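Peer 1: Just one file: protein.cif, with mmCIF, C-alpha atoms.
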```cif
data_protein
loop_
_atom_site.label_atom_id
_atom_site.label_comp_id
_atom_site.auth_asym_id
_atom_site.auth_seq_id
_atom_site.Cartn_x
_atom_site.Cartn_y
_atom_site.Cartn_z
CA MET A 1 2.11 -11.46 -12.91
CA ARG A 2 4.42 -14.41 -12.40
CA PRO A 3 2.43 -17.64 -11.94
CA ALA A 4 2.94 -19.33 -8.59
CA LYS A 5 3.92 -22.61 -10.26
CA ASP A 6 6.83 -20.84 -11.96
CA PHE A 7 8.22 -19.34 -8.78
CA PHE A 8 10.62 -22.23 -8.22
CA ALA A 9 11.63 -22.61 -11.86
CA PRO A 10 15.13 -21.47 -12.90
CA LEU A 11 15.20 -17.98 -14.41
CA ALA A 12 17.74 -18.95 -17.05
CA VAL A 13 18.30 -22.06 -19.14
CA GLY A 14 20.95 -24.15 -17.43
CA ALA A 15 20.73 -22.35 -14.08
CA PRO A 16 20.37 -24.48 -10.93
CA ALA A 17 16.89 -25.06 -9.52
CA PRO A 18 15.95 -22.56 -6.79
CA VAL A 19 15.90 -23.76 -3.20
CA HIS A 20 12.51 -24.54 -1.66
CA GLU A 21 13.74 -23.86 1.86
CA VAL A 22 16.61 -21.68 3.03
CA PRO A 23 19.33 -23.81 4.65
CA ALA A 24 19.33 -23.11 8.40
CA ARG A 25 23.11 -22.81 8.79
CA PRO A 26 24.54 -21.02 11.84
CA ALA A 27 25.23 -17.37 11.11
CA ARG A 28 25.53 -15.78 14.55
CA MET A 29 28.24 -13.43 13.37
CA ILE A 30 28.74 -12.06 9.86
CA HIS A 31 32.31 -10.88 10.15
CA PHE A 32 33.27 -8.13 7.70
CA PHE A 33 36.72 -7.78 6.16
CA ASP A 34 38.17 -5.59 3.42
CA PRO A 35 39.69 -7.80 0.69
CA SER A 36 41.75 -4.85 -0.58
CA ASN A 37 43.55 -4.61 2.77
CA PRO A 38 46.50 -7.05 2.71
CA LYS A 39 46.63 -7.33 6.52
CA MET A 40 42.93 -8.17 6.76
CA ALA A 41 43.08 -10.57 3.82
CA ALA A 42 46.03 -12.42 5.38
CA LYS A 43 43.98 -13.11 8.53
CA VAL A 44 41.11 -14.80 6.68
CA PRO A 45 42.50 -18.37 6.69
CA ASP A 46 43.09 -18.23 10.44
CA MET A 47 39.49 -17.09 11.04
CA VAL A 48 37.98 -20.03 9.19
CA GLY A 49 36.28 -22.23 11.75
CA THR A 50 36.19 -19.47 14.38
CA VAL A 51 33.32 -17.49 12.83
CA ASP A 52 30.12 -18.60 11.16
CA VAL A 53 30.34 -16.19 8.21
CA LEU A 54 33.26 -14.31 6.65
CA LEU A 55 32.05 -11.48 4.44
CA GLY A 56 34.27 -9.80 1.88
CA ASN A 57 33.06 -6.22 1.80
CA LEU A 58 33.13 -4.38 -1.53
CA GLU A 59 30.81 -1.47 -0.69
CA ASP A 60 30.95 1.11 2.12
CA ALA A 61 34.32 1.46 3.88
CA VAL A 62 36.09 0.58 0.62
CA LYS A 63 37.34 3.68 -1.19
CA ALA A 64 36.42 4.21 -4.83
CA GLU A 65 40.03 3.77 -5.93
CA SER A 66 40.16 0.43 -4.06
CA LYS A 67 36.96 -1.11 -5.46
CA GLU A 68 38.69 -3.18 -8.13
CA ALA A 69 41.44 -4.25 -5.74
CA ALA A 70 38.80 -5.41 -3.24
CA ARG A 71 36.99 -7.41 -5.92
CA GLU A 72 40.23 -9.01 -7.12
CA GLY A 73 41.29 -9.70 -3.55
CA LEU A 74 38.03 -11.49 -2.80
CA VAL A 75 38.45 -13.65 -5.91
CA ARG A 76 41.93 -14.69 -4.70
CA ILE A 77 40.60 -15.47 -1.24
CA GLY A 78 37.71 -17.47 -2.65
CA ARG A 79 40.08 -19.51 -4.82
CA ASP A 80 42.87 -20.05 -2.30
CA THR A 81 40.99 -20.58 0.98
CA ASP A 82 39.40 -23.78 2.23
CA PHE A 83 36.38 -22.59 4.21
CA GLY A 84 35.54 -26.06 5.49
CA GLU A 85 32.06 -27.14 6.54
CA HIS A 86 31.32 -24.59 9.23
CA THR A 87 32.35 -21.17 7.83
CA GLN A 88 30.45 -19.58 4.97
CA LEU A 89 31.84 -17.04 2.49
CA TRP A 90 29.56 -14.09 1.79
CA THR A 91 30.12 -10.79 0.05
CA ARG A 92 28.47 -7.37 0.13
CA VAL A 93 28.49 -6.00 -3.41
CA ASN A 94 28.19 -2.35 -4.28
CA ALA A 95 24.77 -0.68 -4.48
CA LEU A 96 22.65 -1.37 -7.53
CA ASP A 97 22.89 2.26 -8.65
CA SER A 98 26.70 2.26 -8.50
CA PRO A 99 29.11 1.88 -11.45
CA TRP A 100 30.79 -1.14 -9.81
CA VAL A 101 27.99 -3.59 -9.05
CA LEU A 102 27.68 -5.17 -12.49
CA ASP A 103 31.38 -6.05 -12.51
CA ASP A 104 31.08 -7.27 -8.92
CA LEU A 105 28.36 -9.76 -9.84
CA THR A 106 29.73 -10.92 -13.17
CA THR A 107 33.24 -11.40 -11.81
CA LEU A 108 32.40 -13.07 -8.51
CA VAL A 109 29.80 -15.49 -9.84
CA THR A 110 31.88 -16.63 -12.79
CA GLU A 111 35.17 -16.78 -10.86
CA ILE A 112 34.21 -18.07 -7.38
CA GLY A 113 30.48 -18.77 -7.64
CA ASP A 114 30.91 -22.33 -6.44
CA THR A 115 32.52 -21.04 -3.21
CA LEU A 116 30.27 -18.04 -2.56
CA ASP A 117 27.26 -18.83 -0.37
CA VAL A 118 25.40 -15.51 -0.13
CA ILE A 119 25.50 -12.13 -1.87
CA MET A 120 24.44 -9.21 0.31
CA VAL A 121 22.72 -6.42 -1.63
CA PRO A 122 22.77 -2.94 -0.04
CA LYS A 123 20.06 -0.29 -0.05
CA VAL A 124 17.31 -2.54 -1.40
CA GLN A 125 14.29 -0.37 -2.14
CA GLY A 126 11.71 -2.92 -3.22
CA PRO A 127 11.12 -6.33 -4.79
CA GLU A 128 12.17 -5.02 -8.21
CA ASP A 129 15.77 -4.80 -6.97
CA ILE A 130 15.70 -8.45 -5.95
CA HIS A 131 14.08 -9.44 -9.26
CA TYR A 132 16.95 -7.80 -11.15
CA VAL A 133 19.63 -9.57 -9.10
CA ASP A 134 17.70 -12.85 -9.23
CA ARG A 135 17.58 -12.95 -13.04
CA LEU A 136 21.18 -11.82 -13.45
CA LEU A 137 22.48 -14.42 -11.01
CA ALA A 138 20.60 -17.17 -12.84
CA GLN A 139 22.17 -16.13 -16.15
CA LEU A 140 25.64 -15.99 -14.63
CA GLU A 141 25.22 -19.32 -12.83
CA ALA A 142 24.18 -20.94 -16.10
CA LYS A 143 27.19 -19.43 -17.87
CA ALA A 144 29.59 -20.59 -15.15
CA GLY A 145 28.04 -24.02 -14.66
CA ILE A 146 27.20 -23.38 -11.00
CA GLU A 147 25.29 -26.34 -9.60
CA ARG A 148 23.67 -24.72 -6.57
CA PRO A 149 22.01 -21.30 -6.44
CA ILE A 150 23.78 -18.43 -4.71
CA LEU A 151 21.45 -16.92 -2.13
CA VAL A 152 20.63 -13.23 -1.70
CA HIS A 153 20.60 -11.17 1.48
CA ALA A 154 19.09 -7.66 1.48
CA ILE A 155 20.08 -4.75 3.69
CA LEU A 156 17.22 -2.66 5.05
CA GLU A 157 18.61 0.87 5.01
CA THR A 158 16.03 3.13 3.36
CA ALA A 159 12.55 4.24 4.38
CA ARG A 160 11.19 2.83 1.15
CA GLY A 161 12.86 -0.49 1.88
CA VAL A 162 11.20 -0.64 5.30
CA ALA A 163 7.84 0.19 3.73
CA ASN A 164 8.34 -2.66 1.23
CA VAL A 165 10.01 -5.15 3.55
CA GLU A 166 7.34 -7.85 3.24
CA GLU A 167 7.50 -7.75 -0.56
CA ILE A 168 11.32 -7.80 -0.48
CA CYS A 169 11.34 -10.90 1.72
CA GLY A 170 9.06 -12.75 -0.69
CA ALA A 171 10.60 -11.53 -3.94
CA SER A 172 12.66 -14.63 -4.74
CA PRO A 173 13.39 -18.16 -3.53
CA ARG A 174 17.00 -16.93 -3.30
CA MET A 175 16.19 -14.68 -0.36
CA GLN A 176 18.26 -15.85 2.61
CA GLY A 177 17.63 -12.99 5.00
CA ILE A 178 17.64 -9.29 5.75
CA SER A 179 19.94 -7.14 7.89
CA LEU A 180 19.19 -3.81 9.52
CA GLY A 181 21.39 -1.00 8.14
CA PRO A 182 20.91 1.67 10.83
CA ALA A 183 23.29 4.39 9.62
CA ASP A 184 21.97 4.76 6.07
CA LEU A 185 18.42 4.25 7.29
CA ALA A 186 18.83 7.02 9.85
CA ALA A 187 20.03 9.39 7.14
CA ASP A 188 17.25 8.42 4.74
CA ARG A 189 14.63 8.92 7.44
CA ARG A 190 16.23 12.22 8.51
CA MET A 191 16.68 10.86 12.02
CA LYS A 192 18.78 13.17 14.20
CA THR A 193 21.47 10.73 15.25
CA THR A 194 25.02 10.30 14.01
CA ARG A 195 25.56 6.94 15.74
CA VAL A 196 25.98 3.68 13.85
CA GLY A 197 23.41 1.49 15.58
CA GLY A 198 22.66 1.37 19.27
CA GLY A 199 20.56 3.69 21.38
CA HIS A 200 20.68 7.42 21.94
CA PRO A 201 20.59 9.25 25.29
CA GLY A 202 18.08 11.73 23.90
CA TYR A 203 15.55 9.04 22.95
CA LEU A 204 13.98 8.35 26.34
CA VAL A 205 10.93 8.26 28.54
CA ARG A 206 10.82 10.12 31.86
CA GLN A 207 9.00 9.20 35.02
CA ASP A 208 6.04 11.40 36.01
CA PRO A 209 6.81 14.15 38.54
CA VAL A 210 6.32 13.29 42.18
CA ALA A 211 3.70 15.31 44.05
CA GLY A 212 5.00 17.67 46.71
CA ALA A 213 3.64 18.08 50.23
CA ASP A 214 0.82 20.28 48.96
CA GLY A 215 -0.13 17.75 46.28
CA THR A 216 1.26 19.84 43.44
CA PRO A 217 3.55 17.98 40.98
CA ASP A 218 7.21 18.85 41.55
CA TYR A 219 8.22 19.39 37.95
CA ALA A 220 11.72 20.54 38.91
CA GLY A 221 12.42 17.56 41.16
CA GLU A 222 14.48 14.48 40.41
CA ARG A 223 12.74 12.33 37.78
CA PRO A 224 14.39 9.12 36.64
CA HIS A 225 14.49 8.54 32.90
CA PHE A 226 15.15 5.50 30.75
CA GLN A 227 16.90 5.35 27.39
CA GLN A 228 14.84 3.73 24.64
CA ASP A 229 15.81 1.71 21.55
CA LEU A 230 15.64 3.74 18.33
CA TRP A 231 15.48 0.55 16.26
CA HIS A 232 12.85 -1.48 18.08
CA TYR A 233 10.05 -0.84 15.58
CA THR A 234 12.20 -1.53 12.52
CA ILE A 235 13.73 -4.72 13.90
CA ALA A 236 10.32 -6.04 14.96
CA ARG A 237 8.82 -5.34 11.54
CA MET A 238 11.81 -6.93 9.82
CA VAL A 239 11.55 -10.02 12.04
CA ASP A 240 7.85 -10.43 11.25
CA ALA A 241 8.44 -10.09 7.51
CA CYS A 242 11.29 -12.62 7.57
CA ALA A 243 9.32 -15.10 9.68
CA MET A 244 6.34 -14.85 7.33
CA HIS A 245 8.55 -15.80 4.36
CA GLY A 246 10.79 -18.36 6.06
CA ILE A 247 14.02 -16.36 5.87
CA PHE A 248 16.34 -15.00 8.56
CA PRO A 249 16.58 -11.54 10.21
CA TYR A 250 19.87 -10.03 11.39
CA TYR A 251 20.98 -7.02 13.36
CA GLY A 252 23.53 -4.92 11.49
CA PRO A 253 26.59 -2.99 12.65
CA PHE A 254 27.31 -1.58 16.10
CA GLY A 255 29.78 1.18 15.42
CA ASP A 256 31.25 1.94 18.87
CA ILE A 257 33.85 -0.82 19.00
CA LYS A 258 35.04 0.12 22.50
CA ASP A 259 31.58 0.07 24.09
CA THR A 260 31.30 -3.68 24.42
CA VAL A 261 28.65 -3.41 27.15
CA ALA A 262 26.18 -1.48 24.99
CA CYS A 263 27.08 -3.67 22.01
CA GLU A 264 26.12 -6.78 23.96
CA ASP A 265 22.88 -5.16 25.11
CA GLN A 266 21.92 -4.23 21.54
CA PHE A 267 22.78 -7.68 20.22
CA ARG A 268 20.73 -9.31 22.98
CA ASN A 269 17.72 -7.09 22.27
CA ALA A 270 17.86 -8.19 18.64
CA PHE A 271 18.26 -11.85 19.64
CA LEU A 272 15.28 -11.74 21.99
CA LEU A 273 13.15 -10.13 19.27
CA GLY A 274 13.96 -12.96 16.85
CA CYS A 275 17.19 -12.11 15.02
CA VAL A 276 19.52 -15.05 14.41
CA GLY A 277 22.77 -13.12 14.11
CA THR A 278 24.52 -9.81 13.63
CA TRP A 279 27.39 -8.10 11.83
CA THR A 280 30.77 -7.96 13.56
CA LEU A 281 33.18 -5.22 12.55
CA HIS A 282 36.05 -6.05 14.91
CA PRO A 283 37.29 -9.29 16.47
CA VAL A 284 36.18 -8.08 19.92
CA GLN A 285 32.57 -8.27 18.73
CA VAL A 286 32.86 -11.87 17.52
CA ASP A 287 32.83 -13.42 20.99
CA ILE A 288 29.96 -11.15 22.00
CA ALA A 289 27.88 -12.28 19.03
CA LYS A 290 28.73 -15.94 19.61
CA ARG A 291 27.66 -15.69 23.24
CA VAL A 292 24.53 -13.62 22.72
CA PHE A 293 23.10 -15.44 19.68
CA SER A 294 23.52 -18.87 21.29
CA PRO A 295 20.89 -19.96 23.85
CA THR A 296 22.23 -20.16 27.38
CA ALA A 297 22.70 -23.57 28.95
CA GLU A 298 20.06 -22.62 31.52
CA ASP A 299 17.51 -21.78 28.83
CA VAL A 300 18.21 -25.04 27.02
CA ALA A 301 17.88 -27.06 30.22
CA HIS A 302 14.58 -25.36 31.06
CA ALA A 303 13.26 -25.96 27.54
CA ARG A 304 14.10 -29.66 27.87
CA ARG A 305 12.26 -29.87 31.19
CA VAL A 306 9.17 -28.27 29.70
CA LYS A 307 9.27 -30.61 26.71
CA GLU A 308 9.55 -33.64 28.98
CA ALA A 309 6.80 -32.44 31.32
CA MET A 310 4.38 -31.65 28.49
CA GLY A 311 4.37 -35.18 27.13
CA ASP A 312 2.19 -35.16 24.02
CA GLY A 313 2.13 -31.36 24.00
CA THR A 314 -1.50 -30.92 25.02
CA GLY A 315 -2.99 -29.58 28.22
CA ALA A 316 -1.04 -27.70 30.87
CA VAL A 317 1.41 -28.50 33.68
CA MET A 318 2.84 -26.62 36.64
CA LEU A 319 6.65 -26.40 36.66
CA ASP A 320 8.52 -24.44 39.33
CA GLY A 321 5.30 -22.66 40.22
CA LYS A 322 4.64 -21.53 36.64
CA MET A 323 2.04 -22.74 34.20
CA GLU A 324 3.38 -24.32 31.02
CA ASP A 325 1.06 -25.19 28.13
CA ASP A 326 1.20 -25.86 24.40
CA ALA A 327 2.26 -22.27 23.69
CA SER A 328 5.09 -22.61 26.22
CA LEU A 329 6.17 -25.82 24.52
CA LYS A 330 6.31 -24.08 21.14
CA GLN A 331 8.56 -21.40 22.62
CA CYS A 332 10.81 -24.05 24.11
CA LEU A 333 11.02 -25.97 20.86
CA VAL A 334 12.41 -22.82 19.19
CA ILE A 335 15.22 -22.78 21.77
CA LEU A 336 15.90 -26.50 21.42
CA GLU A 337 15.96 -26.42 17.62
CA LEU A 338 18.49 -23.56 17.68
CA ALA A 339 20.58 -25.25 20.36
CA ASP A 340 20.72 -28.51 18.39
CA ARG A 341 21.67 -26.68 15.19
CA LEU A 342 24.48 -24.72 16.86
CA ALA A 343 25.76 -27.68 18.86
CA ALA A 344 26.12 -29.68 15.65
CA THR A 345 28.89 -27.32 14.49
CA ASP A 346 30.19 -25.90 17.80
CA PRO A 347 31.85 -28.50 20.06
CA GLU A 348 32.07 -26.09 23.00
CA LEU A 349 28.32 -25.50 22.94
CA ALA A 350 27.62 -29.19 22.49
CA GLU A 351 29.63 -29.93 25.63
CA LEU A 352 28.05 -27.08 27.56
CA TYR A 353 24.50 -28.15 26.72
CA ALA A 354 25.32 -31.80 27.48
CA GLN A 355 26.81 -30.90 30.89
CA LYS A 356 23.72 -28.91 31.82
CA GLU A 357 21.52 -31.81 30.78
CA ALA A 358 23.52 -34.16 33.00
#
```
Kindly present the structure from the file in structure tokens form.
Peer 2:
Amino acid sequence: MRPAKDFFAPLAVGAPAPVHEVPARPARMIHFFDPSNPKMAAKVPDMVGTVDVLLGNLEDAVKAESKEAAREGLVRIGRDTDFGEHTQLWTRVNALDSPWVLDDLTTLVTEIGDTLDVIMVPKVQGPEDIHYVDRLLAQLEAKAGIERPILVHAILETARGVANVEEICGASPRMQGISLGPADLAADRRMKTTRVGGGHPGYLVRQDPVAGADGTPDYAGERPHFQQDLWHYTIARMVDACAMHGIFPYYGPFGDIKDTVACEDQFRNAFLLGCVGTWTLHPVQVDIAKRVFSPTAEDVAHARRVKEAMGDGTGAVMLDGKMEDDASLKQCLVILELADRLAATDPELAELYAQKEA
């Protein structure tokens, strides 16, 4: 057993000290690009400042014969691009059981480790996977002279990973967050859906039959039904595990690029449940994520009113015919903290929130 006092000690001589608190940097959209695709790579500099996170993808969607080209392309991008203060550079390395991941880690950390903010690890099964990456990163950071630790983000895409999600979240001080990986998780669970995220028309509840004139239920009559969210349980469990350990939960991919309406609905469900951001696979999803994962001006204005009305935060007040108490204030402070954090890096939001306040 690792003693608690050693948890925040470097795992290699010369490695940077682990963080005691994950930096709360905006990450509403984690925008994926393929570094082996010249057209995608050429667009990266123009996207700096327009998205919170740019992620060079080395795993799924990159063909086996393009793995090395993707890795080399990401190194060039990391060296040649100024990401400024407001855009982070992340990567998703190959799975830990693949023949490419060791080269991914050793190359990226030693070549662009001072530029790379977060490494996303796919198909994490349990804390042992994080322990392996944690130790290896410390050794590589020490070798490369990296002065700040690279953080780790796990993807929840196996049944075993879901069962171990609490232990994964607490496996290392490097843990930045966890994303839902619905497609691989669906396959691992043997779920009967071929969609990448989102709902399914077959997963529904149906209204009870209406009684006929004789009082007998009309089973053949019209009965409204309502589509349900296949991922509600998993997202909620992931959010709880992340909140318990002080790290951040994210929704993953929404595969139907053209269905922007359903995409926005799914993103908003995740936001309301506690997720701080999502993956974006196409530029059309970037604006959706930015809008959904930012509090509305109306919500911010209401939160300010509650805070002002509550005074020292004790007791209860009536506001617009509704009771507000200390629990209400805590909810509002969550909104205000997020709004302040986003407004600090997003001038449009800062102006919007200021106008609503005025």
Peer 1: Select, from A:Gln228, A:Thr91, A:Gln355, A:Thr50, the residue with the minimum atom-to-atom distance to Arg28 in chain A, counting only C-alpha atoms.
Peer 2: A:Thr50
Peer 1: Just the residues within 9 Å of range 138-154 of chain A, please, counting all atoms listed in the file, with nothing from its chain fewer than 4 positions along; format it as a PyMOL selection string.
Peer 2: chain A and resi 10-19+22+92+105-106+109-111+113-114+116-124+130+133-134+168-169+172-180
Peer 1: Can you list, as a ChimeraX atom specification, the residues that the PyMOL selection byres ((chain A and resi 301) around 12) selects here?
Peer 2: /A:295-300,302-308,332-333,335-336,339,352-358
Peer 1: Return as a list in words the set of residues that the PyMOL selection byres ((chain A and resi 83) around 12) yields on the displayed structure.
Peer 2: Val44, Pro45, Asp46, Met47, Val48, Gly49, Thr50, Val51, Asp52, Val53, Leu54, Leu55, Ile77, Gly78, Arg79, Asp80, Thr81, Asp82, Gly84, Glu85, His86, Thr87, Gln88, Leu89, Trp90, Asp114, Thr115, Leu116 and Asp117 of chain A
Peer 1: Quick one, how far is CA of Glu167 in chain A from CA of Pro127 in chain A?
Peer 2: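 Atom-to-atom, CA of Glu167 in chain A and CA of Pro127 in chain A are spaced 5.7 Å apart.
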Peer 1: Would you kindly return, as JSON, numbers by chain, each protein, DNA or RNA residue with an atom no farther than 10 Å from any atom of range 60-67 of chain A, considering all atoms listed in the file and excluding same-chain residues fewer than 5 positions away?
Peer 2: {"A": [33, 34, 35, 36, 37, 72, 73, 92, 93, 94, 95, 100, 101, 104, 122]}
Peer 1: Please identify all polymer residues lying at most 6 Å from the point (26.2, 0.9, 10.4) (file coordinates), using all atoms listed in the file, and present the result as a short mmCIF file (atom, residue, chain, number, x, y, z; two decimals) with C-alpha atoms, keeping the file's coordinate frame.
Peer 2:
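Output contents, as saved in result18.cif:
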```
data_model
loop_
_atom_site.label_atom_id
_atom_site.label_comp_id
_atom_site.auth_asym_id
_atom_site.auth_seq_id
_atom_site.Cartn_x
_atom_site.Cartn_y
_atom_site.Cartn_z
CA GLY A 181 21.39 -1.00 8.14
CA PRO A 182 20.91 1.67 10.83
CA ALA A 183 23.29 4.39 9.62
CA VAL A 196 25.98 3.68 13.85
CA GLY A 197 23.41 1.49 15.58
CA PRO A 253 26.59 -2.99 12.65
#
```
Peer 1: To one decimal place, how far is CA of Ser328 in chain A from CA of Gly170 in chain A in Å?
Peer 2: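 Rounded to one decimal, the two atoms are 28.9 Å apart.
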Peer 1: May I have the residues within 8 Å of Arg206 in chain A as a PDB file with C-alpha atoms, in the frame of the given file, using all atoms listed in the file and disregarding those fewer than 4 positions away in the same chain?
Peer 2:
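Produced file out_15.pdb, reproduced below:
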```pdb
ATOM      1  CA  ARG A 223      12.740  12.330  37.780  1.00  0.00           C
ATOM      2  CA  PRO A 224      14.390   9.120  36.640  1.00  0.00           C
ATOM      3  CA  HIS A 225      14.490   8.540  32.900  1.00  0.00           C
ATOM      4  CA  PHE A 226      15.150   5.500  30.750  1.00  0.00           C
TER       5      PHE A 226
END
```
Peer 1: Any chance you could resolve the PyMOL selection byres ((chain A and resi 271-286) around 6) against this file and give the residues as a count of residues only?
Peer 2: 17
Peer 1: Select, from A:Ala220, A:Ala213, A:Leu230, A:Ala243, the residue with the minimum atom-to-atom distance to His200 in chain A, counting only C-alpha atoms.
Peer 2: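 Of A:Ala220, A:Ala213, A:Leu230, A:Ala243, the one nearest His200 in chain A is A:Leu230, counting only C-alpha atoms.
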Peer 1: Would you please work out which residue, of A:Met238, A:Met310, A:Arg2, A:Ala344, is nearest to Lys330 in chain A when using all atoms listed in the file?
Peer 2: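 Using all atoms listed in the file, the shortest distance to Lys330 in chain A belongs to A:Met310.
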Peer 1: In Å, how far is it from CA of His245 in chain A to CA of Gly199 in chain A?
Peer 2: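 About the pair CA of His245 in chain A and CA of Gly199 in chain A: they are 28.5 Å apart.
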Peer 1: Can you rebuild range 170-187 of chain A with N, CA, C and O atoms and give it as a short mmCIF file (atom, residue, chain, number, x, y, z; two decimals), keeping the file's coordinate frame?
Peer 2:
```
data_model
loop_
_atom_site.label_atom_id
_atom_site.label_comp_id
_atom_site.auth_asym_id
_atom_site.auth_seq_id
_atom_site.Cartn_x
_atom_site.Cartn_y
_atom_site.Cartn_z
N GLY A 170 9.69 -11.73 0.14
CA GLY A 170 9.06 -12.75 -0.69
C GLY A 170 9.35 -12.62 -2.16
O GLY A 170 8.70 -13.26 -2.98
N ALA A 171 10.36 -11.83 -2.53
CA ALA A 171 10.60 -11.53 -3.94
C ALA A 171 11.23 -12.67 -4.71
O ALA A 171 11.11 -12.73 -5.93
N SER A 172 11.94 -13.56 -4.03
CA SER A 172 12.66 -14.63 -4.74
C SER A 172 12.93 -15.80 -3.81
O SER A 172 13.14 -15.59 -2.60
N PRO A 173 12.96 -17.02 -4.35
CA PRO A 173 13.39 -18.16 -3.53
C PRO A 173 14.84 -18.02 -3.06
O PRO A 173 15.25 -18.73 -2.13
N ARG A 174 15.61 -17.15 -3.71
CA ARG A 174 17.00 -16.93 -3.30
C ARG A 174 17.12 -16.18 -1.97
O ARG A 174 18.20 -16.18 -1.37
N MET A 175 16.07 -15.52 -1.53
CA MET A 175 16.19 -14.68 -0.36
C MET A 175 16.60 -15.50 0.87
O MET A 175 15.89 -16.41 1.29
N GLN A 176 17.75 -15.17 1.42
CA GLN A 176 18.26 -15.85 2.61
C GLN A 176 17.89 -15.11 3.88
O GLN A 176 17.61 -15.71 4.91
N GLY A 177 17.93 -13.77 3.81
CA GLY A 177 17.63 -12.99 5.00
C GLY A 177 17.74 -11.50 4.74
O GLY A 177 17.99 -11.06 3.62
N ILE A 178 17.56 -10.75 5.82
CA ILE A 178 17.64 -9.29 5.75
C ILE A 178 18.39 -8.80 6.99
O ILE A 178 18.21 -9.32 8.09
N SER A 179 19.24 -7.80 6.79
CA SER A 179 19.94 -7.14 7.89
C SER A 179 19.47 -5.70 8.03
O SER A 179 19.15 -5.03 7.03
N LEU A 180 19.45 -5.23 9.26
CA LEU A 180 19.19 -3.81 9.52
C LEU A 180 20.44 -3.00 9.21
O LEU A 180 21.54 -3.34 9.68
N GLY A 181 20.29 -1.93 8.42
CA GLY A 181 21.39 -1.00 8.14
C GLY A 181 21.09 0.33 8.80
O GLY A 181 20.56 1.25 8.14
N PRO A 182 21.40 0.51 10.09
CA PRO A 182 20.91 1.67 10.83
C PRO A 182 21.46 3.02 10.39
O PRO A 182 20.74 4.01 10.43
N ALA A 183 22.71 3.08 9.94
CA ALA A 183 23.29 4.39 9.62
C ALA A 183 22.64 4.99 8.38
O ALA A 183 22.17 6.15 8.41
N ASP A 184 22.60 4.24 7.29
CA ASP A 184 21.97 4.76 6.07
C ASP A 184 20.48 4.97 6.28
O ASP A 184 19.90 5.92 5.72
N LEU A 185 19.85 4.09 7.04
CA LEU A 185 18.42 4.25 7.29
C LEU A 185 18.15 5.52 8.09
O LEU A 185 17.19 6.25 7.81
N ALA A 186 19.00 5.79 9.06
CA ALA A 186 18.83 7.02 9.85
C ALA A 186 18.92 8.25 8.96
O ALA A 186 18.13 9.19 9.08
N ALA A 187 19.88 8.25 8.04
CA ALA A 187 20.03 9.39 7.14
C ALA A 187 18.83 9.51 6.21
O ALA A 187 18.32 10.61 5.99
#
```
